[in-house]
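Next up, upload15.txt (compact mmCIF, N, CA and C atoms):
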# COMPACT_ATOMS: atom_id res chain seq x y z
N MET A 535 5.90 18.32 24.31
CA MET A 535 4.59 18.89 24.02
C MET A 535 3.87 18.09 22.93
N ALA A 536 4.62 17.57 21.97
CA ALA A 536 4.01 16.80 20.89
C ALA A 536 3.30 15.56 21.44
N ARG A 537 3.96 14.86 22.35
CA ARG A 537 3.36 13.66 22.92
C ARG A 537 2.07 13.99 23.66
N ALA A 538 2.08 15.06 24.43
CA ALA A 538 0.88 15.45 25.18
C ALA A 538 -0.27 15.81 24.22
N TRP A 539 0.05 16.51 23.14
CA TRP A 539 -0.97 16.90 22.16
C TRP A 539 -1.55 15.66 21.49
N LEU A 540 -0.70 14.72 21.14
CA LEU A 540 -1.17 13.49 20.50
C LEU A 540 -2.02 12.67 21.46
N LEU A 541 -1.60 12.58 22.73
CA LEU A 541 -2.39 11.84 23.72
C LEU A 541 -3.74 12.51 23.97
N LEU A 542 -3.75 13.84 24.04
CA LEU A 542 -5.01 14.56 24.20
C LEU A 542 -5.96 14.23 23.06
N ASN A 543 -5.46 14.25 21.85
CA ASN A 543 -6.29 13.93 20.69
C ASN A 543 -6.79 12.49 20.77
N SER A 544 -5.95 11.58 21.21
CA SER A 544 -6.36 10.19 21.34
C SER A 544 -7.53 10.06 22.32
N VAL A 545 -7.42 10.72 23.44
CA VAL A 545 -8.49 10.66 24.44
C VAL A 545 -9.76 11.31 23.91
N LEU A 546 -9.63 12.46 23.26
CA LEU A 546 -10.81 13.13 22.70
C LEU A 546 -11.53 12.24 21.69
N TYR A 547 -10.77 11.58 20.82
CA TYR A 547 -11.40 10.72 19.81
C TYR A 547 -11.93 9.43 20.42
N LEU A 548 -11.32 8.96 21.50
CA LEU A 548 -11.87 7.80 22.19
C LEU A 548 -13.24 8.13 22.76
N VAL A 549 -13.33 9.26 23.45
CA VAL A 549 -14.61 9.67 24.05
C VAL A 549 -15.65 9.91 22.96
N LEU A 550 -15.28 10.64 21.92
CA LEU A 550 -16.23 10.94 20.85
C LEU A 550 -16.65 9.68 20.10
N GLY A 551 -15.72 8.81 19.79
CA GLY A 551 -16.05 7.58 19.08
C GLY A 551 -16.94 6.67 19.91
N ALA A 552 -16.63 6.54 21.20
CA ALA A 552 -17.46 5.71 22.08
C ALA A 552 -18.86 6.30 22.21
N TRP A 553 -18.95 7.62 22.36
CA TRP A 553 -20.26 8.27 22.48
C TRP A 553 -21.08 8.06 21.21
N CYS A 554 -20.46 8.22 20.06
CA CYS A 554 -21.17 8.01 18.79
C CYS A 554 -21.62 6.56 18.64
N ALA A 555 -20.77 5.63 19.05
CA ALA A 555 -21.12 4.21 18.90
C ALA A 555 -22.17 3.77 19.91
N LEU A 556 -22.09 4.27 21.12
CA LEU A 556 -23.00 3.83 22.17
C LEU A 556 -24.34 4.56 22.17
N ASP A 557 -24.37 5.78 21.67
CA ASP A 557 -25.61 6.55 21.68
C ASP A 557 -25.76 7.35 20.38
N PRO A 558 -25.90 6.65 19.26
CA PRO A 558 -25.95 7.34 17.96
C PRO A 558 -27.11 8.31 17.82
N ALA A 559 -28.24 8.03 18.45
CA ALA A 559 -29.39 8.93 18.33
C ALA A 559 -29.09 10.29 18.96
N THR A 560 -28.52 10.29 20.14
CA THR A 560 -28.20 11.55 20.82
C THR A 560 -27.09 12.30 20.11
N THR A 561 -26.03 11.59 19.72
CA THR A 561 -24.91 12.28 19.10
C THR A 561 -25.29 12.86 17.75
N SER A 562 -26.11 12.17 17.00
CA SER A 562 -26.50 12.71 15.69
C SER A 562 -27.37 13.94 15.86
N ARG A 563 -28.29 13.90 16.82
CA ARG A 563 -29.12 15.10 17.07
C ARG A 563 -28.27 16.26 17.57
N PHE A 564 -27.24 15.95 18.37
CA PHE A 564 -26.38 16.99 18.93
C PHE A 564 -25.74 17.84 17.83
N VAL A 565 -25.37 17.20 16.72
CA VAL A 565 -24.74 17.93 15.63
C VAL A 565 -25.72 18.31 14.52
N GLY A 566 -27.00 18.07 14.74
CA GLY A 566 -28.00 18.51 13.78
C GLY A 566 -28.24 17.57 12.62
N LEU A 567 -27.84 16.31 12.75
CA LEU A 567 -28.06 15.32 11.70
C LEU A 567 -29.04 14.28 12.20
N GLU A 568 -29.76 13.69 11.28
CA GLU A 568 -30.70 12.64 11.64
C GLU A 568 -30.55 11.48 10.68
N PRO A 569 -29.81 10.44 11.09
CA PRO A 569 -29.69 9.29 10.20
C PRO A 569 -31.04 8.60 10.04
N THR A 570 -31.44 8.38 8.81
CA THR A 570 -32.74 7.76 8.56
C THR A 570 -32.54 6.35 8.04
N GLY A 571 -33.25 5.42 8.61
CA GLY A 571 -33.21 4.04 8.16
C GLY A 571 -31.92 3.32 8.49
N PRO A 572 -31.86 2.06 8.10
CA PRO A 572 -30.68 1.25 8.38
C PRO A 572 -29.39 1.79 7.75
N ALA A 573 -29.48 2.32 6.55
CA ALA A 573 -28.28 2.85 5.89
C ALA A 573 -27.72 4.05 6.65
N GLY A 574 -28.59 4.94 7.09
CA GLY A 574 -28.14 6.11 7.86
C GLY A 574 -27.53 5.71 9.19
N HIS A 575 -28.15 4.73 9.86
CA HIS A 575 -27.62 4.25 11.13
C HIS A 575 -26.24 3.62 10.93
N THR A 576 -26.11 2.81 9.90
CA THR A 576 -24.84 2.15 9.60
C THR A 576 -23.76 3.19 9.28
N GLU A 577 -24.12 4.17 8.48
CA GLU A 577 -23.16 5.21 8.10
C GLU A 577 -22.71 6.00 9.33
N TRP A 578 -23.66 6.34 10.22
CA TRP A 578 -23.32 7.09 11.43
C TRP A 578 -22.34 6.29 12.29
N MET A 579 -22.65 5.01 12.47
CA MET A 579 -21.79 4.16 13.31
C MET A 579 -20.39 4.03 12.70
N ALA A 580 -20.32 3.86 11.39
CA ALA A 580 -19.03 3.66 10.73
C ALA A 580 -18.21 4.93 10.70
N VAL A 581 -18.81 6.03 10.26
CA VAL A 581 -18.04 7.26 10.07
C VAL A 581 -17.86 8.02 11.37
N TYR A 582 -18.92 8.19 12.14
CA TYR A 582 -18.80 9.00 13.35
C TYR A 582 -18.40 8.19 14.57
N GLY A 583 -18.51 6.87 14.50
CA GLY A 583 -18.02 6.03 15.58
C GLY A 583 -16.70 5.39 15.20
N GLY A 584 -16.70 4.64 14.11
CA GLY A 584 -15.51 3.90 13.70
C GLY A 584 -14.33 4.78 13.32
N LEU A 585 -14.59 5.82 12.54
CA LEU A 585 -13.50 6.72 12.15
C LEU A 585 -12.89 7.40 13.36
N GLU A 586 -13.73 7.83 14.30
CA GLU A 586 -13.21 8.48 15.51
C GLU A 586 -12.34 7.51 16.31
N LEU A 587 -12.77 6.25 16.41
CA LEU A 587 -11.97 5.27 17.15
C LEU A 587 -10.66 4.96 16.41
N GLY A 588 -10.70 4.97 15.09
CA GLY A 588 -9.47 4.80 14.31
C GLY A 588 -8.51 5.96 14.54
N LEU A 589 -9.04 7.17 14.60
CA LEU A 589 -8.19 8.34 14.89
C LEU A 589 -7.61 8.23 16.29
N CYS A 590 -8.40 7.77 17.23
CA CYS A 590 -7.92 7.54 18.60
C CYS A 590 -6.70 6.62 18.57
N ALA A 591 -6.82 5.51 17.88
CA ALA A 591 -5.73 4.53 17.81
C ALA A 591 -4.49 5.13 17.16
N PHE A 592 -4.69 5.87 16.07
CA PHE A 592 -3.54 6.47 15.38
C PHE A 592 -2.82 7.47 16.29
N PHE A 593 -3.57 8.38 16.91
CA PHE A 593 -2.94 9.39 17.76
C PHE A 593 -2.24 8.74 18.96
N ALA A 594 -2.82 7.68 19.52
CA ALA A 594 -2.18 6.98 20.64
C ALA A 594 -0.88 6.32 20.18
N TRP A 595 -0.92 5.67 19.03
CA TRP A 595 0.27 5.00 18.49
C TRP A 595 1.38 6.03 18.25
N ALA A 596 1.02 7.14 17.63
CA ALA A 596 2.02 8.17 17.35
C ALA A 596 2.58 8.78 18.63
N ALA A 597 1.74 8.92 19.64
CA ALA A 597 2.19 9.50 20.91
C ALA A 597 3.20 8.58 21.60
N LEU A 598 2.97 7.29 21.49
CA LEU A 598 3.80 6.33 22.22
C LEU A 598 5.05 5.90 21.47
N ARG A 599 5.17 6.32 20.22
CA ARG A 599 6.34 5.99 19.40
C ARG A 599 7.03 7.30 19.01
N PRO A 600 8.10 7.67 19.68
CA PRO A 600 8.76 8.94 19.38
C PRO A 600 9.07 9.15 17.90
N ALA A 601 9.38 8.09 17.19
CA ALA A 601 9.71 8.22 15.77
C ALA A 601 8.48 8.61 14.94
N LEU A 602 7.30 8.43 15.49
CA LEU A 602 6.06 8.77 14.75
C LEU A 602 5.44 10.09 15.18
N GLN A 603 6.01 10.75 16.16
CA GLN A 603 5.38 11.97 16.68
C GLN A 603 5.31 13.07 15.63
N GLN A 604 6.35 13.25 14.86
CA GLN A 604 6.31 14.28 13.82
C GLN A 604 5.22 13.97 12.79
N ALA A 605 5.15 12.73 12.36
CA ALA A 605 4.12 12.34 11.39
C ALA A 605 2.72 12.49 12.00
N GLY A 606 2.58 12.13 13.27
CA GLY A 606 1.30 12.28 13.95
C GLY A 606 0.86 13.73 14.03
N LEU A 607 1.82 14.59 14.35
CA LEU A 607 1.52 16.03 14.39
C LEU A 607 1.14 16.55 13.01
N LEU A 608 1.89 16.18 12.01
CA LEU A 608 1.60 16.63 10.66
C LEU A 608 0.21 16.18 10.22
N PHE A 609 -0.11 14.92 10.48
CA PHE A 609 -1.44 14.41 10.15
C PHE A 609 -2.52 15.22 10.87
N GLY A 610 -2.33 15.44 12.17
CA GLY A 610 -3.31 16.21 12.94
C GLY A 610 -3.47 17.63 12.42
N LEU A 611 -2.36 18.25 12.04
CA LEU A 611 -2.44 19.62 11.50
C LEU A 611 -3.19 19.64 10.17
N CYS A 612 -2.95 18.65 9.33
CA CYS A 612 -3.70 18.57 8.06
C CYS A 612 -5.17 18.33 8.33
N LEU A 613 -5.48 17.44 9.27
CA LEU A 613 -6.85 17.12 9.62
C LEU A 613 -7.58 18.37 10.13
N TYR A 614 -7.01 19.03 11.13
CA TYR A 614 -7.65 20.20 11.70
C TYR A 614 -7.62 21.40 10.76
N GLY A 615 -6.58 21.49 9.94
CA GLY A 615 -6.55 22.58 8.95
C GLY A 615 -7.75 22.51 8.02
N GLY A 616 -8.03 21.33 7.49
CA GLY A 616 -9.18 21.17 6.61
C GLY A 616 -10.50 21.39 7.32
N ILE A 617 -10.62 20.84 8.53
CA ILE A 617 -11.86 20.99 9.29
C ILE A 617 -12.10 22.46 9.64
N VAL A 618 -11.08 23.12 10.15
CA VAL A 618 -11.24 24.52 10.56
C VAL A 618 -11.54 25.41 9.34
N LEU A 619 -10.85 25.15 8.23
CA LEU A 619 -11.10 25.94 7.03
C LEU A 619 -12.56 25.85 6.60
N LEU A 620 -13.06 24.63 6.44
CA LEU A 620 -14.43 24.49 5.93
C LEU A 620 -15.48 24.81 6.98
N ARG A 621 -15.20 24.57 8.26
CA ARG A 621 -16.17 24.98 9.28
C ARG A 621 -16.21 26.51 9.36
N SER A 622 -15.09 27.16 9.09
CA SER A 622 -15.07 28.64 9.07
C SER A 622 -15.89 29.17 7.91
N VAL A 623 -15.74 28.55 6.75
CA VAL A 623 -16.56 28.95 5.59
C VAL A 623 -18.03 28.75 5.92
N ALA A 624 -18.37 27.61 6.51
CA ALA A 624 -19.77 27.34 6.87
C ALA A 624 -20.27 28.34 7.91
N ALA A 625 -19.42 28.72 8.85
CA ALA A 625 -19.81 29.69 9.88
C ALA A 625 -20.14 31.04 9.25
N VAL A 626 -19.35 31.44 8.28
CA VAL A 626 -19.64 32.70 7.58
C VAL A 626 -20.97 32.57 6.83
N GLN A 627 -21.18 31.45 6.16
CA GLN A 627 -22.44 31.24 5.43
C GLN A 627 -23.63 31.28 6.38
N VAL A 628 -23.52 30.59 7.51
CA VAL A 628 -24.60 30.58 8.50
C VAL A 628 -24.79 31.97 9.08
N GLY A 629 -23.69 32.62 9.40
CA GLY A 629 -23.77 33.97 9.96
C GLY A 629 -24.44 34.94 9.02
N LEU A 630 -24.16 34.84 7.73
CA LEU A 630 -24.77 35.73 6.75
C LEU A 630 -26.24 35.39 6.52
N ALA A 631 -26.56 34.11 6.52
CA ALA A 631 -27.93 33.68 6.22
C ALA A 631 -28.83 33.76 7.45
N TYR A 632 -28.31 33.49 8.61
CA TYR A 632 -29.13 33.45 9.82
C TYR A 632 -28.53 34.33 10.88
N ASP A 633 -27.82 33.69 11.76
CA ASP A 633 -27.16 34.33 12.88
C ASP A 633 -25.98 33.42 13.23
N PHE A 634 -24.88 33.99 13.53
CA PHE A 634 -23.68 33.23 13.84
C PHE A 634 -23.96 32.16 14.90
N PHE A 635 -24.78 32.48 15.89
CA PHE A 635 -25.05 31.55 16.98
C PHE A 635 -26.06 30.47 16.60
N ALA A 636 -26.59 30.53 15.39
CA ALA A 636 -27.48 29.47 14.90
C ALA A 636 -26.71 28.17 14.69
N MET A 637 -25.39 28.23 14.74
CA MET A 637 -24.58 27.02 14.60
C MET A 637 -24.79 26.07 15.77
N GLY A 638 -25.28 26.57 16.89
CA GLY A 638 -25.52 25.72 18.05
C GLY A 638 -24.25 25.05 18.52
N PRO A 639 -24.32 23.73 18.79
CA PRO A 639 -23.14 23.01 19.30
C PRO A 639 -21.95 23.05 18.33
N ALA A 640 -22.20 23.25 17.06
CA ALA A 640 -21.10 23.31 16.10
C ALA A 640 -20.18 24.50 16.40
N LEU A 641 -20.72 25.53 17.03
CA LEU A 641 -19.89 26.68 17.40
C LEU A 641 -18.83 26.25 18.42
N GLY A 642 -19.22 25.48 19.42
CA GLY A 642 -18.26 24.98 20.40
C GLY A 642 -17.25 24.03 19.79
N MET A 643 -17.72 23.20 18.86
CA MET A 643 -16.80 22.28 18.18
C MET A 643 -15.79 23.07 17.36
N TRP A 644 -16.25 24.11 16.69
CA TRP A 644 -15.37 24.96 15.89
C TRP A 644 -14.28 25.57 16.78
N LEU A 645 -14.68 26.10 17.92
CA LEU A 645 -13.71 26.72 18.82
C LEU A 645 -12.70 25.68 19.33
N LEU A 646 -13.17 24.48 19.66
CA LEU A 646 -12.26 23.42 20.09
C LEU A 646 -11.28 23.06 18.98
N GLU A 647 -11.78 22.95 17.76
CA GLU A 647 -10.91 22.60 16.63
C GLU A 647 -9.89 23.70 16.34
N VAL A 648 -10.27 24.95 16.50
CA VAL A 648 -9.32 26.06 16.34
C VAL A 648 -8.24 25.96 17.41
N LEU A 649 -8.65 25.66 18.64
CA LEU A 649 -7.69 25.49 19.73
C LEU A 649 -6.74 24.32 19.47
N LEU A 650 -7.28 23.21 18.99
CA LEU A 650 -6.44 22.06 18.70
C LEU A 650 -5.48 22.36 17.55
N LEU A 651 -5.95 23.07 16.54
CA LEU A 651 -5.07 23.46 15.44
C LEU A 651 -3.96 24.38 15.94
N GLY A 652 -4.32 25.38 16.73
CA GLY A 652 -3.32 26.32 17.25
C GLY A 652 -2.30 25.65 18.16
N SER A 653 -2.78 24.79 19.05
CA SER A 653 -1.85 24.11 19.96
C SER A 653 -1.00 23.09 19.19
N GLY A 654 -1.55 22.50 18.15
CA GLY A 654 -0.77 21.60 17.31
C GLY A 654 0.34 22.34 16.57
N LEU A 655 0.03 23.54 16.10
CA LEU A 655 1.06 24.36 15.44
C LEU A 655 2.16 24.73 16.42
N LEU A 656 1.78 25.04 17.65
CA LEU A 656 2.77 25.35 18.68
C LEU A 656 3.64 24.12 18.96
N ALA A 657 3.03 22.95 19.07
CA ALA A 657 3.79 21.73 19.29
C ALA A 657 4.73 21.45 18.12
N TRP A 658 4.26 21.73 16.90
CA TRP A 658 5.10 21.54 15.70
C TRP A 658 6.33 22.44 15.77
N ARG A 659 6.13 23.69 16.16
CA ARG A 659 7.25 24.64 16.25
C ARG A 659 8.26 24.21 17.30
N ARG A 660 7.80 23.48 18.31
CA ARG A 660 8.70 23.07 19.40
C ARG A 660 9.38 21.73 19.15
N LEU A 661 9.06 21.09 18.03
CA LEU A 661 9.74 19.85 17.69
C LEU A 661 11.22 20.13 17.49
N PRO A 662 12.08 19.22 17.95
CA PRO A 662 13.51 19.41 17.70
C PRO A 662 13.78 19.35 16.19
N ALA A 663 14.75 20.11 15.76
CA ALA A 663 15.12 20.09 14.35
C ALA A 663 15.61 18.70 13.99
N ARG A 664 15.33 18.27 12.76
CA ARG A 664 15.76 16.94 12.32
C ARG A 664 17.29 16.85 12.44
N GLY A 665 17.72 15.74 12.96
CA GLY A 665 19.15 15.52 13.10
C GLY A 665 19.70 15.98 14.42
N SER A 666 18.90 16.69 15.22
CA SER A 666 19.40 17.11 16.54
C SER A 666 18.88 16.12 17.58
N PRO A 667 19.55 16.04 18.71
CA PRO A 667 19.18 15.06 19.75
C PRO A 667 17.85 15.34 20.39

As structure tokens, how would this structure be written, given the file I've shared?
Amino acid sequence: MARAWLLLNSVLYLVLGAWCALDPATTSRFVGLEPTGPAGHTEWMAVYGGLELGLCAFFAWAALRPALQQAGLLFGLCLYGGIVLLRSVAAVQVGLAYDFFAMGPALGMWLLEVLLLGSGLLAWRRLPARGSP
């Protein structure tokens, strides 16, 4: 299960990174951001394109190397734990100030991240105990 979870994450980050790199105007509007000027464009490409592609590579490497699967899972759990925690705080803030559904596409991203965190925790629980075959 760990390998499948890591491969799924690799594919998701490949698609997201490619989309951000190939169509930064659409992807930035999709999440409610508008990079302004050359600095904003560069930052969007580096962080939302380059970082996503780097995550793709890491998750693929961890999936294909059994010795790295535990570390890959732990990294993913830390990543999604932080994202889900702060997106949850933001959702409460938005819900109190406006309407929960004012999050727009971020609501779907939040649900996907909760699913990835939950399935990652399940994969973690199913890892063989250290020292066992």

*Give me, please, the distance in Å between atom C of Ala555 in chain A and CA of Ala640 in chain A, quoted to one decimal.*
19.9 Å

*asked:* Can you tell me which residues surround Leu550 in chain A at a distance of at most 6.5 Å, considering only N, CA and C atoms, apart from same-chain residues fewer than 4 positions away, and format the answer as a list in words?
replied: Val545, Leu546, Cys554, Ala555, Tyr582, Gly583, Glu586 and Leu587 of chain A

*Within chain A, find each residue whose DSSP state, derived from the backbone, is alpha helix (DSSP H), and express the selection as number ranges by chain.*
A: 536-556, 558-564, 571-577, 585-598, 603-631, 639-659

*Quick one: pull the distance between CA of Gly652 in chain A and atom C of Ala605 in chain A, Å, one decimal.*
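Those two atoms sit 16.0 Å apart.
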
*Would you list the contacts of range 560-568 of chain A as a list in words, taking every protein, DNA or RNA residue within 8 Å and counting all atoms listed in the file, but skipping same-chain residues closer than 6 positions in sequence?*
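The residues that qualify are Trp553, Cys554, Gly574, His575, Trp578, Met637, Gly638, Pro639 and Ala640 of chain A.
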
_Within 7 Å of Arg537 in chain A using all atoms listed in the file, minus same-chain residues under 3 positions, as a list in words_ = Leu540, Leu541, Leu542, Ala596, Ala597, Leu598 and Gln603 of chain A

Those same residues, written as an mmCIF file, in the coordinates of the input with N, CA and C atoms?
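Listing of part-v8.cif after writing:
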data_model
loop_
_atom_site.group_PDB
_atom_site.id
_atom_site.type_symbol
_atom_site.label_atom_id
_atom_site.label_comp_id
_atom_site.auth_asym_id
_atom_site.auth_seq_id
_atom_site.Cartn_x
_atom_site.Cartn_y
_atom_site.Cartn_z
ATOM 1 N N LEU A 540 -0.700 14.720 21.140
ATOM 2 C CA LEU A 540 -1.170 13.490 20.500
ATOM 3 C C LEU A 540 -2.020 12.670 21.460
ATOM 4 N N LEU A 541 -1.600 12.580 22.730
ATOM 5 C CA LEU A 541 -2.390 11.840 23.720
ATOM 6 C C LEU A 541 -3.740 12.510 23.970
ATOM 7 N N LEU A 542 -3.750 13.840 24.040
ATOM 8 C CA LEU A 542 -5.010 14.560 24.200
ATOM 9 C C LEU A 542 -5.960 14.230 23.060
ATOM 10 N N ALA A 596 1.020 7.140 17.630
ATOM 11 C CA ALA A 596 2.020 8.170 17.350
ATOM 12 C C ALA A 596 2.580 8.780 18.630
ATOM 13 N N ALA A 597 1.740 8.920 19.640
ATOM 14 C CA ALA A 597 2.190 9.500 20.910
ATOM 15 C C ALA A 597 3.200 8.580 21.600
ATOM 16 N N LEU A 598 2.970 7.290 21.490
ATOM 17 C CA LEU A 598 3.800 6.330 22.220
ATOM 18 C C LEU A 598 5.050 5.900 21.470
ATOM 19 N N GLN A 603 6.010 10.750 16.160
ATOM 20 C CA GLN A 603 5.380 11.970 16.680
ATOM 21 C C GLN A 603 5.310 13.070 15.630
#
